[in-house]
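Pasted below: query22.txt, compact mmCIF, C-alpha atoms.
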# COMPACT_ATOMS: atom_id res chain seq x y z
CA MET A 1 184.04 102.00 107.30
CA PRO A 2 183.44 105.80 107.24
CA ALA A 3 186.33 108.17 106.66
CA PRO A 4 187.83 109.67 109.83
CA GLU A 5 186.59 113.12 110.81
CA PRO A 6 189.11 115.74 109.61
CA PHE A 7 188.45 117.95 112.64
CA PRO A 8 189.17 116.56 116.11
CA GLY A 9 186.27 116.95 118.53
CA ILE A 10 183.95 118.63 116.01
CA GLU A 11 180.51 119.49 117.38
CA THR A 12 177.51 119.20 115.10
CA PHE A 13 174.41 121.38 115.22
CA PRO A 14 171.33 121.18 113.00
CA THR A 15 170.23 124.12 110.91
CA PRO A 16 168.66 126.58 110.91
CA ILE A 17 170.69 128.01 113.80
CA THR A 18 171.47 131.56 114.88
CA VAL A 19 174.90 131.99 116.44
CA GLY A 20 176.06 135.01 118.43
CA VAL A 21 179.76 135.71 118.00
CA VAL A 22 181.87 137.67 120.50
CA ALA A 23 185.53 138.10 121.34
CA ASP A 24 187.85 140.17 123.47
CA THR A 25 185.47 140.98 126.30
CA HIS A 26 188.35 141.31 128.80
CA LEU A 27 186.06 141.25 131.85
CA SER A 28 187.77 140.43 135.12
CA ALA A 29 185.75 138.79 137.87
CA ARG A 30 185.31 142.19 139.54
CA ALA A 31 184.26 143.95 136.31
CA ALA A 32 181.84 141.15 135.42
CA ALA A 33 180.19 141.39 138.85
CA ARG A 34 180.13 145.19 138.88
CA ALA A 35 179.17 146.13 135.34
CA GLY A 36 177.98 142.97 133.63
CA LEU A 37 177.65 142.94 129.85
CA PRO A 38 176.64 146.04 127.87
CA ALA A 39 172.85 146.29 127.47
CA PRO A 40 172.96 146.50 123.63
CA LEU A 41 175.00 143.27 123.55
CA VAL A 42 172.63 141.45 125.90
CA GLU A 43 169.62 142.59 123.88
CA GLY A 44 171.29 141.61 120.60
CA LEU A 45 172.20 138.13 121.84
CA ARG A 46 168.77 137.47 123.31
CA GLY A 47 167.24 134.56 121.41
CA VAL A 48 170.41 133.19 119.77
CA ASP A 49 170.78 129.43 119.84
CA LEU A 50 174.50 129.41 120.61
CA ILE A 51 177.27 131.88 121.49
CA LEU A 52 180.80 131.42 120.17
CA HIS A 53 183.48 133.36 122.07
CA ALA A 54 186.78 133.78 120.21
CA GLY A 55 188.93 134.26 123.29
CA ASP A 56 189.88 136.78 125.95
CA VAL A 57 186.77 136.09 127.98
CA THR A 58 189.24 136.65 130.84
CA SER A 59 187.31 135.19 133.81
CA LEU A 60 184.89 132.43 134.73
CA GLU A 61 182.53 135.14 135.98
CA ALA A 62 182.48 136.77 132.54
CA LEU A 63 181.88 133.41 130.88
CA ALA A 64 178.91 132.86 133.23
CA LEU A 65 177.34 136.12 132.00
CA PHE A 66 177.27 134.71 128.47
CA GLU A 67 176.12 131.29 129.67
CA ALA A 68 173.09 132.98 131.24
CA LEU A 69 172.04 134.06 127.72
CA ALA A 70 172.63 130.87 125.68
CA PRO A 71 174.92 127.83 125.50
CA VAL A 72 178.52 128.98 124.98
CA ARG A 73 181.54 127.48 123.26
CA ALA A 74 184.79 129.39 123.75
CA VAL A 75 188.51 129.18 123.13
CA TYR A 76 191.28 130.67 125.20
CA GLY A 77 193.01 133.91 124.31
CA ASN A 78 196.15 135.50 125.64
CA ASN A 79 194.49 137.12 128.69
CA GLU A 80 192.54 134.29 130.30
CA ASP A 81 192.86 133.68 134.01
CA ALA A 82 194.37 130.32 134.98
CA ALA A 83 191.00 128.62 135.56
CA LEU A 84 189.80 129.46 132.05
CA HIS A 85 193.09 128.69 130.35
CA VAL A 86 192.99 125.08 131.52
CA ARG A 87 189.28 124.71 130.78
CA LEU A 88 189.21 126.10 127.23
CA PRO A 89 190.85 124.68 124.10
CA ARG A 90 193.04 126.63 121.68
CA ILE A 91 190.78 125.89 118.71
CA ARG A 92 187.33 124.37 118.18
CA TYR A 93 185.51 123.05 115.14
CA PHE A 94 181.79 122.98 114.40
CA ARG A 95 179.43 121.67 111.77
CA PHE A 96 176.28 123.70 111.24
CA GLY A 97 174.20 121.66 108.81
CA ARG A 98 176.43 121.29 105.76
CA PHE A 99 178.85 124.06 106.77
CA THR A 100 182.02 123.85 108.88
CA ALA A 101 183.44 126.54 111.13
CA GLY A 102 186.66 126.96 113.07
CA LEU A 103 186.99 129.12 116.19
CA MET A 104 190.32 130.46 117.45
CA HIS A 105 191.73 133.58 119.10
CA GLY A 106 194.66 134.13 116.75
CA HIS A 107 197.35 135.26 119.15
CA ASP A 108 199.70 132.31 119.17
CA VAL A 109 200.90 131.74 115.62
CA GLU A 110 204.43 133.10 115.53
CA ARG A 111 204.97 136.40 113.71
CA MET A 112 201.41 136.54 112.36
CA THR A 113 198.55 138.92 112.94
CA ALA A 114 195.28 137.38 114.13
CA ARG A 115 193.92 137.55 110.59
CA GLN A 116 197.03 135.90 109.16
CA ALA A 117 196.86 133.22 111.86
CA ALA A 118 193.23 132.47 110.95
CA GLU A 119 194.12 132.31 107.26
CA HIS A 120 197.12 130.08 107.93
CA THR A 121 195.24 127.73 110.25
CA LEU A 122 191.73 127.63 108.77
CA SER A 123 191.68 128.86 105.15
CA GLY A 124 190.48 126.17 102.76
CA ARG A 125 189.66 123.83 105.67
CA VAL A 126 186.40 125.41 106.86
CA ASP A 127 183.61 127.50 105.44
CA VAL A 128 183.77 130.03 108.30
CA ALA A 129 186.96 131.08 110.13
CA ILE A 130 186.12 132.94 113.36
CA PHE A 131 188.89 134.72 115.22
CA GLY A 132 189.52 137.58 117.65
CA HIS A 133 192.56 139.21 119.30
CA SER A 134 192.78 142.36 117.17
CA HIS A 135 189.53 143.97 118.41
CA ARG A 136 188.94 144.89 114.76
CA PRO A 137 185.70 143.70 113.17
CA VAL A 138 186.09 141.71 109.95
CA CYS A 139 183.40 140.14 107.77
CA GLU A 140 185.00 139.16 104.49
CA TRP A 141 184.79 136.28 102.06
CA ARG A 142 188.08 135.13 100.61
CA GLU A 143 188.52 132.13 98.33
CA GLY A 144 185.36 130.45 99.60
CA THR A 145 185.99 131.05 103.31
CA LEU A 146 184.24 133.66 105.45
CA PHE A 147 186.74 135.36 107.77
CA PHE A 148 184.81 136.75 110.73
CA ASN A 149 186.13 138.75 113.67
CA PRO A 150 183.34 140.26 115.79
CA GLY A 151 185.58 142.99 117.23
CA SER A 152 184.91 143.72 120.90
CA PRO A 153 181.72 144.64 122.74
CA THR A 154 183.64 146.06 125.72
CA GLN A 155 187.05 147.34 124.52
CA LYS A 156 186.77 149.00 121.13
CA ARG A 157 190.32 150.37 121.35
CA TRP A 158 190.89 152.29 118.10
CA GLU A 159 187.56 151.32 116.52
CA PRO A 160 184.80 153.97 116.43
CA ARG A 161 182.16 151.65 117.94
CA TYR A 162 181.77 148.50 120.00
CA SER A 163 180.80 145.38 118.08
CA TYR A 164 179.77 141.74 118.03
CA GLY A 165 178.36 139.42 115.38
CA ILE A 166 175.49 137.20 114.41
CA ILE A 167 175.82 134.36 111.91
CA ARG A 168 172.73 132.54 110.67
CA PHE A 169 173.28 129.11 109.18
CA THR A 170 170.44 127.87 106.97
CA ASP A 171 170.93 126.71 103.36
CA THR A 172 173.38 129.61 103.29
CA ILE A 173 175.68 131.47 105.66
CA GLU A 174 174.35 134.91 106.62
CA PRO A 175 176.94 136.90 108.61
CA GLU A 176 176.23 140.25 110.23
CA LEU A 177 178.44 142.59 112.22
CA ARG A 178 176.51 144.68 114.75
CA PHE A 179 177.84 147.96 116.07
CA PHE A 180 176.70 150.01 119.05
CA GLU A 181 177.54 152.92 121.30
CA PRO A 182 177.28 152.53 125.08

Taking this structure as input, can you express it in the form of structure tokens?
Amino acid sequence: MPAPEPFPGIETFPTPITVGVVADTHLSARAAARAGLPAPLVEGLRGVDLILHAGDVTSLEALALFEALAPVRAVYGNNEDAALHVRLPRIRYFRFGRFTAGLMHGHDVERMTARQAAEHTLSGRVDVAIFGHSHRPVCEWREGTLFFNPGSPTQKRWEPRYSYGIIRFTDTIEPELRFFEP
């Protein structure tokens, strides 16, 4: 009998695969209908096989904008409308070929920053820990785990530029943060 899967509900994808990574889009239904997604983001995500959204999509309408580009897997953040909050899980796990990844927002681990929450929850358990919440891009290897926060393509806050990410899974993991101006 095979060993039980250590990650509940893990989804498996064959490699090679190119994954677009976004977080913290904060687009209300009205903003999604009026403005849509930024053109550099749409162009950069064109052709990806899958989009992972690390929370704060905010509305079903915003989620639909991403779904028009590629299949999407998302988790809820701390600003989702009620319809999204009940539809999305807190955390998701993936297998891309021989690599594992965890996706979370990072807002709901008591007294921890988003980065600390990702480390606490995912470090040593997955090869790639994807998180959001802080709007600060991170692409850093630590003790065998890639910690990846794509920043935000719509609300840069204190960052100098808007951002999102691309991760290519082949025989290796190839992460890339992409920055743009509107």

field: Non-local contacts of range 110-114 of chain A (12 Å; all atoms listed in the file; under 2 positions in same chain excluded) as a ChimeraX atom specification
entry: /A:54-55,77-78,103-108,116-122,129-138,147-149,151

- prompt: What gap, in Å, lies between CA of Phe180 in chain A and CA of Pro160 in chain A?
  reply: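 Computing the Euclidean distance for CA of Phe180 in chain A and CA of Pro160 in chain A yields 9.4 Å.
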
query: When distances are computed from all atoms listed in the file, which of A:Pro6, A:Leu146, A:Leu37, A:Phe99 shows the smallest separation from Asp171 in chain A?
result: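 Among A:Pro6, A:Leu146, A:Leu37, A:Phe99, it is A:Phe99 that comes nearest to Asp171 in chain A.
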
- request: Find the residues near Glu43 in chain A: any atom within 12 Å, counting all atoms listed in the file, skip ones fewer than 2 places away on the same chain, and give them as JSON, numbers by chain.
  value: {"A": [20, 37, 38, 39, 40, 41, 45, 46, 47, 48, 66, 69, 164, 178, 180]}

field: Given only C-alpha atoms as the counted atoms, nearest of A:Asp127, A:Thr145, A:Thr154, A:Ile91 to Ala62 in chain A
entry: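 Among A:Asp127, A:Thr145, A:Thr154, A:Ile91, it is A:Thr154 that comes nearest to Ala62 in chain A.
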
- request: Provide the CA of Ala82 in chain A to CA of Val19 in chain A distance in Å, to one decimal place.
  value: 26.9 Å

- request: Work out how far CA of Pro150 in chain A is from CA of Ser163 in chain A, in Å to one decimal.
  value: 6.2 Å

Mind working out the centre and edge lengths of an axis-aligned box for range 119-134 of chain A, all listed atoms inside, 5 Å added to each side, rounded to one decimal in Å and written as JSON?
{"center_x": 190.4, "center_y": 133.1, "center_z": 111.0, "size_x": 23.5, "size_y": 28.5, "size_z": 26.5}

field: Test item: residues at most 7 Å from Thr100 in chain A, all atoms listed in the file, excluding those fewer than 6 positions along its chain, as a list in words
entry: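 That gives Phe94, Val126, Asp127 and Val128 of chain A.
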
task: Place a sphere of radius 12 Å on (182.7, 132.7, 130.9) in the file coordinates and name every protein, DNA or RNA residue with an atom inside or on its surface, counting all atoms listed in the file; give the answer as a VMD selection string.
output: chain A and resid 22 to 29 32 36 to 37 51 to 76 80 to 81 83 to 85 87 to 88

- line: Using only C-alpha atoms, the best pick from A:Gly124, A:Pro153, A:Glu181, A:Thr12 as closest to Trp141 in chain A would be A:Gly124

Distance criterion (only C-alpha atoms): nearest to Leu50 in chain A out of A:Ile17, A:Leu177, A:Val109, A:Ile10: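 The answer is A:Ile17, which sits nearest to Leu50 in chain A.
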
message: Please determine, counting only C-alpha atoms, which residue among A:Gly144, A:Gly44, A:Pro16, A:Pro182 has the shortest atom-to-atom distance to Tyr162 in chain A.
response: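 Residue with the minimum atom-to-atom distance to Tyr162 in chain A: A:Pro182.
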